[in-house]
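Trainee: Here it is, the structure, as structure tokens.
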Amino acid sequence: MAEKIRKRNGYISWDEYFMGVAALSAMRSKDPNSQVGACIVSSDNKILSMGYNGFPCGCSDDAFPWAREGEPLDTKYLYVTHGELNAILNYRGGSLEGAKIYVTMFPCNECAKAIIQAGIKTVIYDCNKYEGTDAITASKRMLDAAGVRYYRYEHSGREITIRM
């Protein structure tokens, strides 16, 4: 009698997979200081969209500023689209109602508004670099009021290497 073949052990979890996709997306960012990636997932664990922080389509990465300090028009802040918003805008399939978003950094207040308006119901984030700032406090207030659940990704400690 043949031995029953079983599924392999050690495959990555859904959270590892989707946070990994968000982290890989962040690697597309050309921002010299902050690389943020996002991955939007349906309730049945299908990837719907991805995004990373960068300039809008048609705005040259070489012509616009990447500076963090200086006159407002000479810094990146008035030009860069955040990873979460890019993921929402990149989606071409209809409604995001009930979806989850995996993001490498806790969403700012502007991204929280877009997440709420898009109907996304869960935010899984990796780090909260700006914890305690007004933008994050406002973000949490809005997410709480809108019934959007958020929690920090729990690192498994697993190291994954991808050779390209």
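Here, A, B, ... name the chains of the structure tokens in the order displayed, residue numbers run from 1 inside each chain, and ligands are numbered from 1 in the same displayed order.
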Report as a PyMOL selection string all protein, DNA and RNA residues lying within 12 Å of Thr137 in chain A, evaluated on only C-alpha atoms, omitting residues in the same chain fewer than 2 positions from it.

Mentor: chain A and resi 106-110+112+128+130-135+139-144

Trainee: Could you write out that same residue set with C-alpha atoms as a PDB file, in the first residue's frame?

Mentor:
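Saved file part-v5.pdb follows:
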```
ATOM      1  CA  PHE A 106       0.390  53.074  10.399  1.00  0.00           C
ATOM      2  CA  PRO A 107      -1.836  55.219   8.148  1.00  0.00           C
ATOM      3  CA  CYS A 108      -1.777  58.987   8.553  1.00  0.00           C
ATOM      4  CA  ASN A 109      -5.023  60.946   8.979  1.00  0.00           C
ATOM      5  CA  GLU A 110      -5.341  61.559   5.211  1.00  0.00           C
ATOM      6  CA  ALA A 112      -7.326  56.942   7.204  1.00  0.00           C
ATOM      7  CA  ASN A 128       3.841  53.149  13.975  1.00  0.00           C
ATOM      8  CA  TYR A 130       4.702  58.601  14.236  1.00  0.00           C
ATOM      9  CA  GLU A 131       2.799  57.256  17.282  1.00  0.00           C
ATOM     10  CA  GLY A 132       1.613  60.108  19.504  1.00  0.00           C
ATOM     11  CA  THR A 133       1.532  62.741  16.757  1.00  0.00           C
ATOM     12  CA  ASP A 134      -1.648  64.679  16.000  1.00  0.00           C
ATOM     13  CA  ALA A 135      -1.937  62.965  12.600  1.00  0.00           C
ATOM     14  CA  SER A 139      -6.314  58.754  12.333  1.00  0.00           C
ATOM     15  CA  LYS A 140      -7.139  56.476  15.266  1.00  0.00           C
ATOM     16  CA  ARG A 141     -10.122  58.628  16.260  1.00  0.00           C
ATOM     17  CA  MET A 142     -11.576  58.393  12.752  1.00  0.00           C
ATOM     18  CA  LEU A 143     -10.865  54.676  12.341  1.00  0.00           C
ATOM     19  CA  ASP A 144     -12.467  53.979  15.743  1.00  0.00           C
TER      20      ASP A 144
END
```

Trainee: Using backbone DSSP assignments, extract all strand (DSSP E) residues from chain A; output them as a ChimeraX atom specification.

Mentor: /A:37-41,47-52,100-105,122-127,149-152

Trainee: If you keep N, CA and C atoms, can you produce a file of those selected residues as a PDB file, in the first residue's frame?

Mentor:
```
ATOM      1  N   GLY A  37       4.745  50.514   1.824  1.00  0.00           N
ATOM      2  CA  GLY A  37       4.000  49.680   0.889  1.00  0.00           C
ATOM      3  C   GLY A  37       2.680  49.268   1.489  1.00  0.00           C
ATOM      4  N   ALA A  38       1.713  48.978   0.601  1.00  0.00           N
ATOM      5  CA  ALA A  38       0.390  48.554   1.036  1.00  0.00           C
ATOM      6  C   ALA A  38      -0.129  47.460   0.119  1.00  0.00           C
ATOM      7  N   CYS A  39      -0.906  46.566   0.693  1.00  0.00           N
ATOM      8  CA  CYS A  39      -1.521  45.465  -0.047  1.00  0.00           C
ATOM      9  C   CYS A  39      -2.962  45.339   0.435  1.00  0.00           C
ATOM     10  N   ILE A  40      -3.920  45.490  -0.491  1.00  0.00           N
ATOM     11  CA  ILE A  40      -5.335  45.367  -0.150  1.00  0.00           C
ATOM     12  C   ILE A  40      -5.800  43.962  -0.520  1.00  0.00           C
ATOM     13  N   VAL A  41      -6.525  43.343   0.420  1.00  0.00           N
ATOM     14  CA  VAL A  41      -6.907  41.940   0.311  1.00  0.00           C
ATOM     15  C   VAL A  41      -8.408  41.792   0.568  1.00  0.00           C
ATOM     16  N   ILE A  47      -5.597  38.989  -3.322  1.00  0.00           N
ATOM     17  CA  ILE A  47      -4.976  40.312  -3.440  1.00  0.00           C
ATOM     18  C   ILE A  47      -5.763  41.131  -4.453  1.00  0.00           C
ATOM     19  N   LEU A  48      -6.204  42.316  -4.027  1.00  0.00           N
ATOM     20  CA  LEU A  48      -6.984  43.197  -4.888  1.00  0.00           C
ATOM     21  C   LEU A  48      -6.141  44.315  -5.489  1.00  0.00           C
ATOM     22  N   SER A  49      -5.184  44.823  -4.709  1.00  0.00           N
ATOM     23  CA  SER A  49      -4.376  45.944  -5.184  1.00  0.00           C
ATOM     24  C   SER A  49      -3.148  46.109  -4.299  1.00  0.00           C
ATOM     25  N   MET A  50      -2.175  46.828  -4.839  1.00  0.00           N
ATOM     26  CA  MET A  50      -0.947  47.141  -4.097  1.00  0.00           C
ATOM     27  C   MET A  50      -0.564  48.580  -4.407  1.00  0.00           C
ATOM     28  N   GLY A  51       0.250  49.163  -3.544  1.00  0.00           N
ATOM     29  CA  GLY A  51       0.737  50.513  -3.786  1.00  0.00           C
ATOM     30  C   GLY A  51       1.945  50.814  -2.926  1.00  0.00           C
ATOM     31  N   TYR A  52       2.635  51.881  -3.278  1.00  0.00           N
ATOM     32  CA  TYR A  52       3.777  52.361  -2.500  1.00  0.00           C
ATOM     33  C   TYR A  52       3.821  53.872  -2.622  1.00  0.00           C
ATOM     34  N   LYS A 100      -9.365  44.196   3.645  1.00  0.00           N
ATOM     35  CA  LYS A 100      -8.317  44.450   4.623  1.00  0.00           C
ATOM     36  C   LYS A 100      -7.169  45.140   3.886  1.00  0.00           C
ATOM     37  N   ILE A 101      -6.429  45.971   4.598  1.00  0.00           N
ATOM     38  CA  ILE A 101      -5.228  46.570   4.019  1.00  0.00           C
ATOM     39  C   ILE A 101      -4.050  46.275   4.938  1.00  0.00           C
ATOM     40  N   TYR A 102      -3.016  45.714   4.360  1.00  0.00           N
ATOM     41  CA  TYR A 102      -1.746  45.485   5.049  1.00  0.00           C
ATOM     42  C   TYR A 102      -0.847  46.637   4.648  1.00  0.00           C
ATOM     43  N   VAL A 103      -0.259  47.303   5.624  1.00  0.00           N
ATOM     44  CA  VAL A 103       0.573  48.463   5.333  1.00  0.00           C
ATOM     45  C   VAL A 103       1.796  48.455   6.244  1.00  0.00           C
ATOM     46  N   THR A 104       2.930  48.865   5.693  1.00  0.00           N
ATOM     47  CA  THR A 104       4.174  48.793   6.455  1.00  0.00           C
ATOM     48  C   THR A 104       4.286  49.883   7.518  1.00  0.00           C
ATOM     49  N   MET A 105       3.458  50.930   7.432  1.00  0.00           N
ATOM     50  CA  MET A 105       3.471  52.005   8.431  1.00  0.00           C
ATOM     51  C   MET A 105       2.021  52.390   8.753  1.00  0.00           C
ATOM     52  N   THR A 122     -10.450  46.595   7.874  1.00  0.00           N
ATOM     53  CA  THR A 122      -9.366  46.170   8.763  1.00  0.00           C
ATOM     54  C   THR A 122      -8.042  46.714   8.253  1.00  0.00           C
ATOM     55  N   VAL A 123      -7.241  47.251   9.156  1.00  0.00           N
ATOM     56  CA  VAL A 123      -5.896  47.730   8.866  1.00  0.00           C
ATOM     57  C   VAL A 123      -4.912  46.901   9.678  1.00  0.00           C
ATOM     58  N   ILE A 124      -3.972  46.266   8.989  1.00  0.00           N
ATOM     59  CA  ILE A 124      -2.897  45.543   9.655  1.00  0.00           C
ATOM     60  C   ILE A 124      -1.619  46.307   9.329  1.00  0.00           C
ATOM     61  N   TYR A 125      -0.940  46.832  10.330  1.00  0.00           N
ATOM     62  CA  TYR A 125       0.230  47.672  10.100  1.00  0.00           C
ATOM     63  C   TYR A 125       1.459  47.060  10.752  1.00  0.00           C
ATOM     64  N   ASP A 126       2.631  47.418  10.217  1.00  0.00           N
ATOM     65  CA  ASP A 126       3.873  46.877  10.756  1.00  0.00           C
ATOM     66  C   ASP A 126       4.471  47.784  11.819  1.00  0.00           C
ATOM     67  N   CYS A 127       4.660  49.049  11.523  1.00  0.00           N
ATOM     68  CA  CYS A 127       5.249  49.954  12.523  1.00  0.00           C
ATOM     69  C   CYS A 127       4.394  51.201  12.644  1.00  0.00           C
ATOM     70  N   ARG A 149     -11.295  48.244  12.217  1.00  0.00           N
ATOM     71  CA  ARG A 149     -10.406  47.559  13.150  1.00  0.00           C
ATOM     72  C   ARG A 149      -8.970  47.738  12.693  1.00  0.00           C
ATOM     73  N   TYR A 150      -8.048  47.932  13.628  1.00  0.00           N
ATOM     74  CA  TYR A 150      -6.634  48.004  13.272  1.00  0.00           C
ATOM     75  C   TYR A 150      -5.821  47.290  14.331  1.00  0.00           C
ATOM     76  N   TYR A 151      -4.774  46.647  13.885  1.00  0.00           N
ATOM     77  CA  TYR A 151      -3.871  45.988  14.820  1.00  0.00           C
ATOM     78  C   TYR A 151      -2.497  45.846  14.193  1.00  0.00           C
ATOM     79  N   ARG A 152      -1.522  45.711  15.071  1.00  0.00           N
ATOM     80  CA  ARG A 152      -0.136  45.604  14.629  1.00  0.00           C
ATOM     81  C   ARG A 152       0.163  44.177  14.190  1.00  0.00           C
TER      82      ARG A 152
END
```

Trainee: Once you count only C-alpha atoms, what closest atom pair and distance in Å to one decimal does each residue of range 17-45 of chain A within 12 Å of range 75-84 of chain A have, with rows by chain and rising residue number, as a tab-separated table?

Mentor:
```
residue	atom	partner	partner_atom	distance
A:Ala22	CA	A:Gly83	CA	9.1
A:Ala23	CA	A:Gly83	CA	10.8
A:Leu24	CA	A:Gly83	CA	11.9
A:Ser25	CA	A:Gly83	CA	8.7
A:Ala26	CA	A:Gly83	CA	7.8
A:Met27	CA	A:Gly83	CA	11.2
A:Arg28	CA	A:Gly83	CA	10.4
A:Ser29	CA	A:Gly83	CA	8.9
A:Lys30	CA	A:Val80	CA	10.6
A:Asp31	CA	A:Lys76	CA	8.8
A:Pro32	CA	A:Lys76	CA	10.6
A:Asn33	CA	A:Lys76	CA	10.6
A:Ser34	CA	A:His82	CA	10.2
A:Gln35	CA	A:Gly83	CA	8.5
A:Val36	CA	A:Gly83	CA	5.6
A:Gly37	CA	A:Gly83	CA	5.2
A:Ala38	CA	A:Glu84	CA	5.4
A:Cys39	CA	A:Glu84	CA	7.9
A:Ile40	CA	A:Glu84	CA	8.6
```

Trainee: Quick one: pick out all alpha helix (DSSP H) residues within range 12-144 of chain A from a backbone DSSP run and write them as a ChimeraX atom specification.

Mentor: /A:14-26,83-90,109-118,134-144

Trainee: Could I get the residues of range 138-158 of chain A with an atom no further than 12 Å from an atom of range 3-20 of chain A, each paired with its nearest atom pair and that distance in Å to one decimal, using only C-alpha atoms, sorted by chain and residue number, as CSV?

Mentor:
```
residue,atom,partner,partner_atom,distance
A:Tyr151,CA,A:Asp15,CA,11.8
A:Arg152,CA,A:Asp15,CA,10.9
A:Tyr153,CA,A:Asp15,CA,7.6
A:Glu154,CA,A:Asp15,CA,8.5
A:His155,CA,A:Glu16,CA,8.0
A:Ser156,CA,A:Glu16,CA,7.8
A:Gly157,CA,A:Glu16,CA,10.1
A:Arg158,CA,A:Ile12,CA,8.9
```

Trainee: Would you please work out which residue, of A:Ala114, A:Ile120, A:Ala146, A:Ile136, is nearest to Asn86 in chain A when using only C-alpha atoms?

Mentor: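 Of all the options, A:Ala114 lies closest to Asn86 in chain A.
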
Trainee: Enter the distance from CA of Trp66 in chain A to CA of Cys111 in chain A, in Å, rounded to one decimal.

Mentor: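 Interatomic distance, CA of Trp66 in chain A to CA of Cys111 in chain A: 19.9 Å.
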
Trainee: In Å, with one decimal, what is the gap from CA of Ala145 in chain A to CA of Asn90 in chain A?

Mentor: 26.0 Å
